[in-house]
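Asks: What follows is start.pdb, made up of PDB, C-alpha atoms:
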```pdb
ATOM      1  CA  MET A 859     133.563  28.638  41.216
ATOM      2  CA  ASN A 860     136.949  28.664  42.954
ATOM      3  CA  PRO A 861     138.274  25.393  44.378
ATOM      4  CA  VAL A 862     139.171  25.447  48.065
ATOM      5  CA  ASN A 863     142.942  25.066  48.318
ATOM      6  CA  ILE A 864     143.219  24.217  52.006
ATOM      7  CA  PRO A 865     140.451  21.730  52.851
ATOM      8  CA  ASN A 866     139.376  21.704  56.511
ATOM      9  CA  VAL A 867     141.476  24.778  57.096
ATOM     10  CA  LYS A 868     142.270  25.540  60.731
ATOM     11  CA  ILE A 869     142.613  29.212  61.572
ATOM     12  CA  ALA A 870     143.599  30.782  64.918
ATOM     13  CA  VAL A 871     142.803  34.388  65.832
ATOM     14  CA  ILE A 872     144.719  36.089  68.646
ATOM     15  CA  ASP A 873     143.578  39.445  70.021
ATOM     16  CA  ASP A 874     142.980  40.716  73.554
ATOM     17  CA  ASP A 875     140.206  43.018  72.300
ATOM     18  CA  LEU A 876     137.212  40.696  72.713
ATOM     19  CA  MET A 877     134.834  42.631  70.419
ATOM     20  CA  ALA A 878     137.338  42.849  67.563
ATOM     21  CA  ARG A 879     138.418  39.219  67.992
ATOM     22  CA  ASP A 880     134.844  37.916  68.024
ATOM     23  CA  PHE A 881     134.097  39.886  64.873
ATOM     24  CA  VAL A 882     137.101  38.438  63.019
ATOM     25  CA  VAL A 883     136.199  34.933  64.218
ATOM     26  CA  THR A 884     132.568  35.287  63.044
ATOM     27  CA  VAL A 885     133.575  36.447  59.555
ATOM     28  CA  LEU A 886     136.169  33.696  59.133
ATOM     29  CA  MET A 887     133.923  30.971  60.552
ATOM     30  CA  TYR A 888     131.212  32.011  58.107
ATOM     31  CA  CYS A 889     133.592  32.099  55.136
ATOM     32  CA  VAL A 890     135.321  28.777  55.680
ATOM     33  CA  ASN A 891     132.426  26.969  57.404
ATOM     34  CA  ARG A 892     134.858  25.548  59.939
ATOM     35  CA  ASP A 893     135.488  26.204  63.630
ATOM     36  CA  VAL A 894     137.991  29.005  64.236
ATOM     37  CA  LEU A 895     140.329  28.982  67.256
ATOM     38  CA  SER A 896     140.335  32.104  69.405
ATOM     39  CA  PHE A 897     142.879  33.258  72.016
ATOM     40  CA  ASP A 898     143.250  36.419  74.104
ATOM     41  CA  SER A 899     147.043  36.206  74.428
ATOM     42  CA  GLY A 900     150.037  35.073  72.411
ATOM     43  CA  LEU A 901     151.070  32.784  75.240
ATOM     44  CA  ALA A 902     147.698  30.981  75.317
ATOM     45  CA  ALA A 903     147.899  30.489  71.554
ATOM     46  CA  TRP A 904     151.478  29.200  71.731
ATOM     47  CA  ARG A 905     150.600  26.758  74.546
ATOM     48  CA  TYR A 906     147.774  25.387  72.398
ATOM     49  CA  ILE A 907     150.063  25.064  69.359
ATOM     50  CA  GLU A 908     152.703  23.248  71.429
ATOM     51  CA  ASP A 909     150.265  20.941  73.213
ATOM     52  CA  TYR A 910     147.806  20.197  70.416
ATOM     53  CA  GLU A 911     148.298  21.209  66.804
ATOM     54  CA  SER A 912     149.540  23.914  64.467
ATOM     55  CA  PRO A 913     146.782  25.840  62.713
ATOM     56  CA  ASP A 914     147.205  26.413  58.969
ATOM     57  CA  ILE A 915     146.872  30.163  59.438
ATOM     58  CA  ILE A 916     147.366  32.396  62.466
ATOM     59  CA  ILE A 917     146.037  35.944  62.544
ATOM     60  CA  SER A 918     147.470  37.806  65.508
ATOM     61  CA  GLU A 919     147.215  41.336  66.833
ATOM     62  CA  ILE A 920     150.765  42.580  67.414
ATOM     63  CA  ASP A 921     150.189  44.130  70.841
ATOM     64  CA  VAL A 922     148.872  41.177  72.824
ATOM     65  CA  PRO A 923     149.936  40.092  76.328
ATOM     66  CA  GLY A 924     152.263  37.188  76.990
ATOM     67  CA  LEU A 925     154.031  36.720  73.692
ATOM     68  CA  ASN A 926     153.459  39.638  71.348
ATOM     69  CA  GLY A 927     152.573  39.053  67.684
ATOM     70  CA  PHE A 928     156.197  39.228  66.489
ATOM     71  CA  GLU A 929     157.405  36.733  69.110
ATOM     72  CA  LEU A 930     154.487  34.422  68.399
ATOM     73  CA  ILE A 931     155.023  34.272  64.629
ATOM     74  CA  ALA A 932     158.792  33.797  65.094
ATOM     75  CA  LYS A 933     158.125  30.690  67.223
ATOM     76  CA  PHE A 934     155.297  29.529  64.955
ATOM     77  CA  LYS A 935     157.367  29.844  61.773
ATOM     78  CA  GLU A 936     160.199  27.915  63.395
ATOM     79  CA  LYS A 937     157.848  25.097  64.421
ATOM     80  CA  SER A 938     155.672  25.114  61.291
ATOM     81  CA  PRO A 939     157.492  26.598  58.300
ATOM     82  CA  GLY A 940     155.240  27.091  55.313
ATOM     83  CA  LYS A 941     152.160  27.897  57.345
ATOM     84  CA  LYS A 942     150.708  31.382  57.077
ATOM     85  CA  CYS A 943     151.160  34.186  59.603
ATOM     86  CA  LEU A 944     149.142  37.391  59.442
ATOM     87  CA  LEU A 945     149.638  40.332  61.772
ATOM     88  CA  MET A 946     147.057  42.981  62.705
ATOM     89  CA  SER A 947     147.622  46.369  64.244
ATOM     90  CA  ASP A 948     146.106  49.823  64.687
ATOM     91  CA  ASN A 949     149.594  51.342  64.873
ATOM     92  CA  PRO A 950     151.193  52.383  61.532
ATOM     93  CA  ALA A 951     154.654  52.120  63.131
ATOM     94  CA  ASN A 952     154.182  48.338  63.307
ATOM     95  CA  GLU A 953     153.935  47.875  59.534
ATOM     96  CA  GLN A 954     157.639  47.856  58.681
ATOM     97  CA  PRO A 955     158.589  45.609  61.624
ATOM     98  CA  ALA A 956     155.804  43.257  60.482
ATOM     99  CA  ARG A 957     157.385  43.140  57.022
ATOM    100  CA  ASN A 958     160.794  42.461  58.564
ATOM    101  CA  SER A 959     159.368  39.698  60.757
ATOM    102  CA  GLY A 960     158.378  37.661  57.710
ATOM    103  CA  ALA A 961     154.616  37.984  58.144
ATOM    104  CA  ASP A 962     152.618  36.952  55.075
ATOM    105  CA  ALA A 963     150.169  39.822  55.464
ATOM    106  CA  PHE A 964     149.607  42.949  57.493
ATOM    107  CA  LEU A 965     146.018  43.853  58.370
ATOM    108  CA  ALA A 966     145.622  47.489  59.264
ATOM    109  CA  LYS A 967     142.844  48.191  61.778
ATOM    110  CA  PRO A 968     139.961  48.909  61.669
ATOM    111  CA  VAL A 969     139.606  45.613  59.795
ATOM    112  CA  SER A 970     136.642  45.436  57.405
ATOM    113  CA  VAL A 971     134.555  42.507  56.187
ATOM    114  CA  ASN A 972     136.115  42.879  52.728
ATOM    115  CA  ASP A 973     139.651  42.699  54.167
ATOM    116  CA  LEU A 974     138.774  39.391  55.809
ATOM    117  CA  PHE A 975     137.174  38.109  52.592
ATOM    118  CA  ASP A 976     140.460  38.996  50.882
ATOM    119  CA  VAL A 977     142.327  36.985  53.520
ATOM    120  CA  VAL A 978     140.174  33.926  52.815
ATOM    121  CA  ASP A 979     140.425  34.439  49.071
ATOM    122  CA  THR A 980     144.215  34.811  49.165
ATOM    123  CA  PHE A 981     145.253  32.261  51.782
ATOM    124  CA  VAL A 982     142.484  29.656  51.831
ATOM    125  CA  VAL A 983     140.977  29.614  48.349
ATOM    126  CA  LYS A 984     144.110  30.387  46.321
ATOM    127  CA  GLY A 985     146.420  28.857  48.901
TER     128      GLY A 985
ATOM    129  CA  MET B 285     153.899  40.593  52.436
ATOM    130  CA  ILE B 286     150.497  41.792  51.335
ATOM    131  CA  ARG B 287     148.857  44.727  53.045
ATOM    132  CA  LEU B 288     145.140  44.980  53.739
ATOM    133  CA  GLY B 289     143.015  47.608  55.433
ATOM    134  CA  PRO B 290     142.968  51.394  55.576
ATOM    135  CA  ALA B 291     145.925  53.657  54.739
ATOM    136  CA  SER B 292     148.354  54.421  57.575
ATOM    137  CA  VAL B 293     146.806  57.805  58.321
ATOM    138  CA  ARG B 294     143.388  56.212  58.849
ATOM    139  CA  MET B 295     144.534  53.408  61.126
ATOM    140  CA  ARG B 296     142.950  53.305  64.592
ATOM    141  CA  ALA B 297     141.612  50.922  67.221
ATOM    142  CA  MET B 298     138.262  49.350  66.348
ATOM    143  CA  SER B 299     135.451  51.234  68.043
ATOM    144  CA  ASP B 300     132.021  49.839  68.943
ATOM    145  CA  ASP B 301     130.613  51.710  65.938
ATOM    146  CA  ASP B 302     133.184  50.104  63.604
ATOM    147  CA  ILE B 303     132.200  46.674  64.912
ATOM    148  CA  PHE B 304     128.462  47.390  64.623
ATOM    149  CA  SER B 305     128.662  48.687  61.047
ATOM    150  CA  SER B 306     130.965  45.824  60.000
ATOM    151  CA  ARG B 307     128.704  43.233  61.608
ATOM    152  CA  LEU B 308     125.643  44.786  59.959
ATOM    153  CA  LYS B 309     127.407  44.652  56.596
ATOM    154  CA  LEU B 310     128.278  41.004  57.258
ATOM    155  CA  LEU B 311     124.637  40.269  58.156
ATOM    156  CA  ILE B 312     123.503  41.796  54.852
ATOM    157  CA  ILE B 313     126.054  39.674  52.982
ATOM    158  CA  MET B 314     124.903  36.553  54.872
ATOM    159  CA  ALA B 315     121.263  37.219  53.940
ATOM    160  CA  LYS B 316     122.116  37.978  50.297
ATOM    161  CA  ALA B 317     124.259  34.850  50.082
ATOM    162  CA  TYR B 318     121.300  32.827  51.418
ATOM    163  CA  LEU B 319     119.000  34.366  48.802
ATOM    164  CA  SER B 320     121.601  33.459  46.146
ATOM    165  CA  ASP B 321     121.427  29.817  47.319
ATOM    166  CA  CYS B 322     124.928  29.683  48.808
ATOM    167  CA  PRO B 323     125.016  26.557  50.999
ATOM    168  CA  LEU B 324     124.807  26.882  54.783
ATOM    169  CA  GLY B 325     126.957  24.422  56.739
ATOM    170  CA  THR B 326     127.016  23.898  60.494
ATOM    171  CA  TYR B 327     129.579  26.596  61.255
ATOM    172  CA  ARG B 328     128.085  29.051  58.812
ATOM    173  CA  LYS B 329     124.763  28.679  60.606
ATOM    174  CA  LYS B 330     126.545  29.215  63.929
ATOM    175  CA  ALA B 331     128.259  32.337  62.539
ATOM    176  CA  VAL B 332     124.947  33.711  61.218
ATOM    177  CA  ILE B 333     123.247  33.212  64.615
ATOM    178  CA  GLU B 334     126.162  34.774  66.534
ATOM    179  CA  ASN B 335     126.286  37.724  64.181
ATOM    180  CA  ALA B 336     122.510  38.222  64.255
ATOM    181  CA  ASN B 337     122.565  38.228  68.073
ATOM    182  CA  HIS B 338     125.392  40.787  68.164
ATOM    183  CA  VAL B 339     123.657  43.101  65.693
ATOM    184  CA  PHE B 340     120.274  42.777  67.414
ATOM    185  CA  TYR B 341     121.529  43.610  70.896
ATOM    186  CA  HIS B 342     123.886  46.339  69.711
ATOM    187  CA  SER B 343     121.032  47.955  67.799
ATOM    188  CA  LEU B 344     118.767  47.715  70.881
ATOM    189  CA  HIS B 345     121.530  49.303  72.933
ATOM    190  CA  LEU B 346     121.949  52.143  70.432
ATOM    191  CA  VAL B 347     118.190  52.806  70.410
ATOM    192  CA  SER B 348     117.968  52.874  74.207
ATOM    193  CA  GLU B 349     121.090  55.067  74.385
ATOM    194  CA  SER B 350     119.620  57.614  71.972
ATOM    195  CA  SER B 351     116.265  57.664  73.814
ATOM    196  CA  THR B 352     118.093  58.185  77.133
ATOM    197  CA  LEU B 353     119.943  61.099  75.602
ATOM    198  CA  LYS B 354     116.646  62.495  74.328
ATOM    199  CA  ASP B 355     115.039  62.134  77.778
ATOM    200  CA  ASN B 356     117.909  64.029  79.364
ATOM    201  CA  VAL B 357     117.419  67.071  77.175
ATOM    202  CA  PHE B 358     115.451  69.677  79.169
ATOM    203  CA  GLU B 359     114.376  71.721  76.173
ATOM    204  CA  PRO B 360     111.653  70.001  74.170
ATOM    205  CA  GLN B 361     112.736  69.030  70.676
ATOM    206  CA  THR B 362     110.469  71.178  68.588
ATOM    207  CA  GLU B 363     112.450  71.237  65.374
ATOM    208  CA  ILE B 364     110.682  69.185  62.736
ATOM    209  CA  GLY B 365     113.970  68.173  61.107
ATOM    210  CA  SER B 366     115.289  66.757  64.338
ATOM    211  CA  LEU B 367     112.072  64.810  64.991
ATOM    212  CA  LYS B 368     112.131  63.414  61.447
ATOM    213  CA  LYS B 369     115.740  62.336  61.863
ATOM    214  CA  THR B 370     114.945  60.588  65.154
ATOM    215  CA  SER B 371     112.013  58.811  63.540
ATOM    216  CA  GLU B 372     114.135  57.704  60.552
ATOM    217  CA  GLU B 373     116.834  56.403  62.879
ATOM    218  CA  HIS B 374     114.242  54.561  64.929
ATOM    219  CA  LEU B 375     112.782  52.979  61.788
ATOM    220  CA  PHE B 376     116.242  52.028  60.530
ATOM    221  CA  HIS B 377     117.054  50.278  63.789
ATOM    222  CA  GLN B 378     113.702  48.471  63.748
ATOM    223  CA  ARG B 379     114.567  47.211  60.248
ATOM    224  CA  VAL B 380     118.037  46.149  61.404
ATOM    225  CA  GLN B 381     116.521  44.249  64.335
ATOM    226  CA  LEU B 382     114.026  42.620  61.974
ATOM    227  CA  LEU B 383     116.891  41.604  59.679
ATOM    228  CA  ALA B 384     118.670  40.029  62.665
ATOM    229  CA  VAL B 385     115.538  38.032  63.517
ATOM    230  CA  MET B 386     115.164  36.970  59.867
ATOM    231  CA  ALA B 387     118.836  35.958  59.647
ATOM    232  CA  LYS B 388     118.496  33.867  62.782
ATOM    233  CA  ALA B 389     115.385  32.241  61.314
ATOM    234  CA  LEU B 390     117.157  31.399  58.046
ATOM    235  CA  ALA B 391     120.053  29.835  59.947
ATOM    236  CA  GLU B 392     117.563  27.749  61.927
ATOM    237  CA  ASP B 393     115.776  26.764  58.713
ATOM    238  CA  ARG B 394     112.612  28.606  59.717
ATOM    239  CA  LEU B 395     112.559  31.216  56.923
ATOM    240  CA  ARG B 396     110.433  29.295  54.471
ATOM    241  CA  GLY B 397     107.847  30.381  51.948
ATOM    242  CA  HIS B 398     107.697  32.901  49.136
ATOM    243  CA  PHE B 399     106.382  35.826  51.183
ATOM    244  CA  ARG B 400     108.920  35.440  53.978
ATOM    245  CA  LYS B 401     111.708  35.551  51.405
ATOM    246  CA  LYS B 402     110.047  38.541  49.755
ATOM    247  CA  ALA B 403     109.857  40.266  53.141
ATOM    248  CA  LEU B 404     113.564  39.557  53.643
ATOM    249  CA  ILE B 405     114.400  41.011  50.209
ATOM    250  CA  ASP B 406     112.268  44.120  50.894
ATOM    251  CA  ASN B 407     113.865  44.638  54.284
ATOM    252  CA  LEU B 408     117.372  44.223  52.850
ATOM    253  CA  ASP B 409     116.567  46.716  50.074
ATOM    254  CA  LYS B 410     115.329  49.334  52.547
ATOM    255  CA  ILE B 411     118.374  48.908  54.790
ATOM    256  CA  CYS B 412     120.759  49.057  51.828
ATOM    257  CA  GLU B 413     118.992  52.159  50.515
ATOM    258  CA  THR B 414     119.631  53.793  53.866
ATOM    259  CA  LEU B 415     123.226  52.711  53.996
ATOM    260  CA  ILE B 416     123.811  53.362  50.289
ATOM    261  CA  PHE B 417     125.614  50.118  50.319
ATOM    262  CA  LYS B 418     125.892  47.880  47.306
ATOM    263  CA  PHE B 419     126.970  44.312  47.597
ATOM    264  CA  GLN B 420     127.805  42.093  44.650
ATOM    265  CA  ILE B 421     127.712  38.378  45.290
ATOM    266  CA  ARG B 422     130.184  37.659  42.489
ATOM    267  CA  ASP B 423     132.923  39.213  44.640
ATOM    268  CA  VAL B 424     132.761  36.299  47.078
ATOM    269  CA  ASN B 425     132.501  33.239  44.900
ATOM    270  CA  PHE B 426     134.125  31.103  47.584
ATOM    271  CA  LEU B 427     130.858  31.268  49.557
ATOM    272  CA  LYS B 428     129.398  28.936  46.948
ATOM    273  CA  VAL B 429     131.456  26.117  48.482
ATOM    274  CA  ALA B 430     130.586  24.878  51.985
TER     275      ALA B 430
END
```
Would you mind writing the structure in this file as structure tokens?
Replies:
Amino acid sequence: MNPVNIPNVKIAVIDDDLMARDFVVTVLMYCVNRDVLSFDSGLAAWRYIEDYESPDIIISEIDVPGLNGFELIAKFKEKSPGKKCLLMSDNPANEQPARNSGADAFLAKPVSVNDLFDVVDTFVVKG
Amino acid sequence: MIRLGPASVRMRAMSDDDIFSSRLKLLIIMAKAYLSDCPLGTYRKKAVIENANHVFYHSLHLVSESSTLKDNVFEPQTEIGSLKKTSEEHLFHQRVQLLAVMAKALAEDRLRGHFRKKALIDNLDKICETLIFKFQIRDVNFLKVA
């Protein structure tokens, strides 16, 4: 049995596609057995992070309104270095910019259940 | 940076079908994890109920959509193969809806007794046979910690 590396992990998911976002939230909530934060724009997520707390992991679609995924993780990394930033996209052209932005992972869409299990295994269980 | 998901050439926006098949797969994993005695905490129960609701209503929607399409066809469907396929699809969706009800019951601690669990196992087997989908619980050991 693997030990959980981040106890009481707090994860935020940012995507303006409600169906996709709800799916990601359900999988992660089930895996970590903790509440998962959910936002439909980068700006809403950033306001929450500024006003309340920094999640341990943010998983953001790149093309979201307000602040896009790149802008959001740049601000997040500046405020909370060491925390994990994952970017999602259905556009292959976004992969290299995601690498350059310092994202810890790039999730190509359509995201599968196994991809999200890998996220939990890599960033929550192994840390 | 690690990369997850399909190769670049297969990247696309998530369609309703992608979400339905992924949620169904997740529901199967949730049920199999329950049968393997993985613990169910508060949020896991919430996730199971949410997922079961999504799958149930999406499946209902797909069934009603396909029957609407069938009703709109002027020529009667006389081909035996086509009728058999429709019947198999109907049965598959009934099994999926039953699985959703069972998953909701297990999250609400109402799926008790040997025969209810056996019915869940049978239903899972039939659905997996149809999907030709094999799930191995050892791949997700972290589910054993709540």
Asks: Show me, as a VMD selection string, the residues of chain B whose atoms get within 9 Å of chain A, using all atoms listed in the file for the distance check.
Replies: chain B and resid 285 to 300 302 to 303 306 to 307 309 to 310 314 324 to 332 334 to 335 424 to 430
Asks: Could the residues in this selection be written to a file with C-alpha atoms, as a compact mmCIF listing (two decimals), in the frame of the given file?
Replies:
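Writing the result to out-v8.txt gives the following:
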```
# COMPACT_ATOMS: atom_id res chain seq x y z
CA MET B 285 153.90 40.59 52.44
CA ILE B 286 150.50 41.79 51.34
CA ARG B 287 148.86 44.73 53.04
CA LEU B 288 145.14 44.98 53.74
CA GLY B 289 143.01 47.61 55.43
CA PRO B 290 142.97 51.39 55.58
CA ALA B 291 145.93 53.66 54.74
CA SER B 292 148.35 54.42 57.58
CA VAL B 293 146.81 57.80 58.32
CA ARG B 294 143.39 56.21 58.85
CA MET B 295 144.53 53.41 61.13
CA ARG B 296 142.95 53.30 64.59
CA ALA B 297 141.61 50.92 67.22
CA MET B 298 138.26 49.35 66.35
CA SER B 299 135.45 51.23 68.04
CA ASP B 300 132.02 49.84 68.94
CA ASP B 302 133.18 50.10 63.60
CA ILE B 303 132.20 46.67 64.91
CA SER B 306 130.96 45.82 60.00
CA ARG B 307 128.70 43.23 61.61
CA LYS B 309 127.41 44.65 56.60
CA LEU B 310 128.28 41.00 57.26
CA MET B 314 124.90 36.55 54.87
CA LEU B 324 124.81 26.88 54.78
CA GLY B 325 126.96 24.42 56.74
CA THR B 326 127.02 23.90 60.49
CA TYR B 327 129.58 26.60 61.26
CA ARG B 328 128.08 29.05 58.81
CA LYS B 329 124.76 28.68 60.61
CA LYS B 330 126.54 29.22 63.93
CA ALA B 331 128.26 32.34 62.54
CA VAL B 332 124.95 33.71 61.22
CA GLU B 334 126.16 34.77 66.53
CA ASN B 335 126.29 37.72 64.18
CA VAL B 424 132.76 36.30 47.08
CA ASN B 425 132.50 33.24 44.90
CA PHE B 426 134.12 31.10 47.58
CA LEU B 427 130.86 31.27 49.56
CA LYS B 428 129.40 28.94 46.95
CA VAL B 429 131.46 26.12 48.48
CA ALA B 430 130.59 24.88 51.98
```
Asks: Using 4 Å of padding on each side, determine the axis-aligned box around all atoms of stretch 934-938 of chain A present in the file and give its centre and edge lengths in Å to one decimal, as lines of an AutoDock Vina configuration file.
Replies:
```
center_x = 157.7
center_y = 27.5
center_z = 63.1
size_x = 12.9
size_y = 12.7
size_z = 11.7
```
Asks: Written as a list in words, what is the full residue list that the PyMOL selection byres ((chain B and resi 412) around 12) yields on the file shown?
Replies: Leu308, Lys309, Leu311, Ile312, Ile313, Lys316, Phe376, Arg379, Val380, Leu383, Ile405, Asp406, Asn407, Leu408, Asp409, Lys410, Ile411, Glu413, Thr414, Leu415, Ile416, Phe417, Lys418 and Phe419 of chain B
Asks: Can you work out the spacing between atom CA of A:Glu929 and atom CA of A:Ile864 in Å, to one decimal?
Replies: 25.5 Å
Asks: With distances taken over all atoms listed in the file, which of A:Asn866, A:Ser938, A:Ser918, A:Asn952 is nearest to A:Phe897?
Replies: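 Of all the options, A:Ser918 lies closest to A:Phe897.
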Asks: Pick from A:Glu908, A:Glu919, A:Asp914, A:Asp898: nearest to A:Lys868, with all atoms listed in the file counted?
Replies: A:Asp914
Asks: Could you state which residues are captured by the PyMOL selection byres ((chain B and resi 346) around 12) in this file, as a list in words?
Replies: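 This file, filtered by the PyMOL selection byres ((chain B and resi 346) around 12), leaves Asp300, Asp301, Phe304, Val339, Phe340, Tyr341, His342, Ser343, Leu344, His345, Val347, Ser348, Glu349, Ser350, Ser351, Thr352, Leu353, Glu373, His374, Phe376, His377, Gln378, Val380 and Gln381 of chain B.
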Asks: Quick check, in Å to one decimal: how far apart do atom CA of B:Ala387 and atom CA of B:His338 lie?
Replies: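 Spanning atom CA of B:Ala387 to atom CA of B:His338 is a straight-line distance of 11.8 Å.
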Asks: Just stretch 297-311 of chain B, please, as a PDB file, in the first residue's frame (only N, CA and C atoms).
Replies:
```pdb
ATOM      1  N   ALA B 297     -11.341  18.364 -28.266  1.00  0.00           N
ATOM      2  CA  ALA B 297     -12.206  18.762 -27.141  1.00  0.00           C
ATOM      3  C   ALA B 297     -12.987  17.540 -26.663  1.00  0.00           C
ATOM      4  N   MET B 298     -13.338  17.524 -25.381  1.00  0.00           N
ATOM      5  CA  MET B 298     -14.062  16.372 -24.838  1.00  0.00           C
ATOM      6  C   MET B 298     -15.528  16.447 -25.251  1.00  0.00           C
ATOM      7  N   SER B 299     -15.970  15.411 -25.947  1.00  0.00           N
ATOM      8  CA  SER B 299     -17.367  15.367 -26.383  1.00  0.00           C
ATOM      9  C   SER B 299     -18.227  14.747 -25.289  1.00  0.00           C
ATOM     10  N   ASP B 300     -19.548  14.816 -25.468  1.00  0.00           N
ATOM     11  CA  ASP B 300     -20.466  14.182 -24.509  1.00  0.00           C
ATOM     12  C   ASP B 300     -20.198  12.682 -24.424  1.00  0.00           C
ATOM     13  N   ASP B 301     -19.883  12.078 -25.574  1.00  0.00           N
ATOM     14  CA  ASP B 301     -19.605  10.632 -25.589  1.00  0.00           C
ATOM     15  C   ASP B 301     -18.339  10.294 -24.808  1.00  0.00           C
ATOM     16  N   ASP B 302     -17.313  11.154 -24.943  1.00  0.00           N
ATOM     17  CA  ASP B 302     -16.067  10.949 -24.170  1.00  0.00           C
ATOM     18  C   ASP B 302     -16.383  10.962 -22.677  1.00  0.00           C
ATOM     19  N   ILE B 303     -17.197  11.958 -22.283  1.00  0.00           N
ATOM     20  CA  ILE B 303     -17.520  12.112 -20.856  1.00  0.00           C
ATOM     21  C   ILE B 303     -18.333  10.907 -20.380  1.00  0.00           C
ATOM     22  N   PHE B 304     -19.311  10.481 -21.186  1.00  0.00           N
ATOM     23  CA  PHE B 304     -20.152   9.348 -20.786  1.00  0.00           C
ATOM     24  C   PHE B 304     -19.312   8.080 -20.632  1.00  0.00           C
ATOM     25  N   SER B 305     -18.465   7.790 -21.626  1.00  0.00           N
ATOM     26  CA  SER B 305     -17.686   6.542 -21.532  1.00  0.00           C
ATOM     27  C   SER B 305     -16.673   6.610 -20.390  1.00  0.00           C
ATOM     28  N   SER B 306     -16.103   7.798 -20.148  1.00  0.00           N
ATOM     29  CA  SER B 306     -15.147   7.935 -19.040  1.00  0.00           C
ATOM     30  C   SER B 306     -15.851   7.806 -17.693  1.00  0.00           C
ATOM     31  N   ARG B 307     -17.045   8.406 -17.606  1.00  0.00           N
ATOM     32  CA  ARG B 307     -17.791   8.302 -16.340  1.00  0.00           C
ATOM     33  C   ARG B 307     -18.265   6.873 -16.098  1.00  0.00           C
ATOM     34  N   LEU B 308     -18.634   6.172 -17.159  1.00  0.00           N
ATOM     35  CA  LEU B 308     -19.050   4.770 -17.003  1.00  0.00           C
ATOM     36  C   LEU B 308     -17.863   3.927 -16.526  1.00  0.00           C
ATOM     37  N   LYS B 309     -16.706   4.185 -17.118  1.00  0.00           N
ATOM     38  CA  LYS B 309     -15.496   3.463 -16.696  1.00  0.00           C
ATOM     39  C   LYS B 309     -15.208   3.744 -15.216  1.00  0.00           C
ATOM     40  N   LEU B 310     -15.349   5.023 -14.835  1.00  0.00           N
ATOM     41  CA  LEU B 310     -15.126   5.386 -13.431  1.00  0.00           C
ATOM     42  C   LEU B 310     -16.125   4.684 -12.519  1.00  0.00           C
ATOM     43  N   LEU B 311     -17.382   4.572 -12.966  1.00  0.00           N
ATOM     44  CA  LEU B 311     -18.409   3.905 -12.154  1.00  0.00           C
ATOM     45  C   LEU B 311     -18.061   2.425 -11.956  1.00  0.00           C
TER      46      LEU B 311
END
```
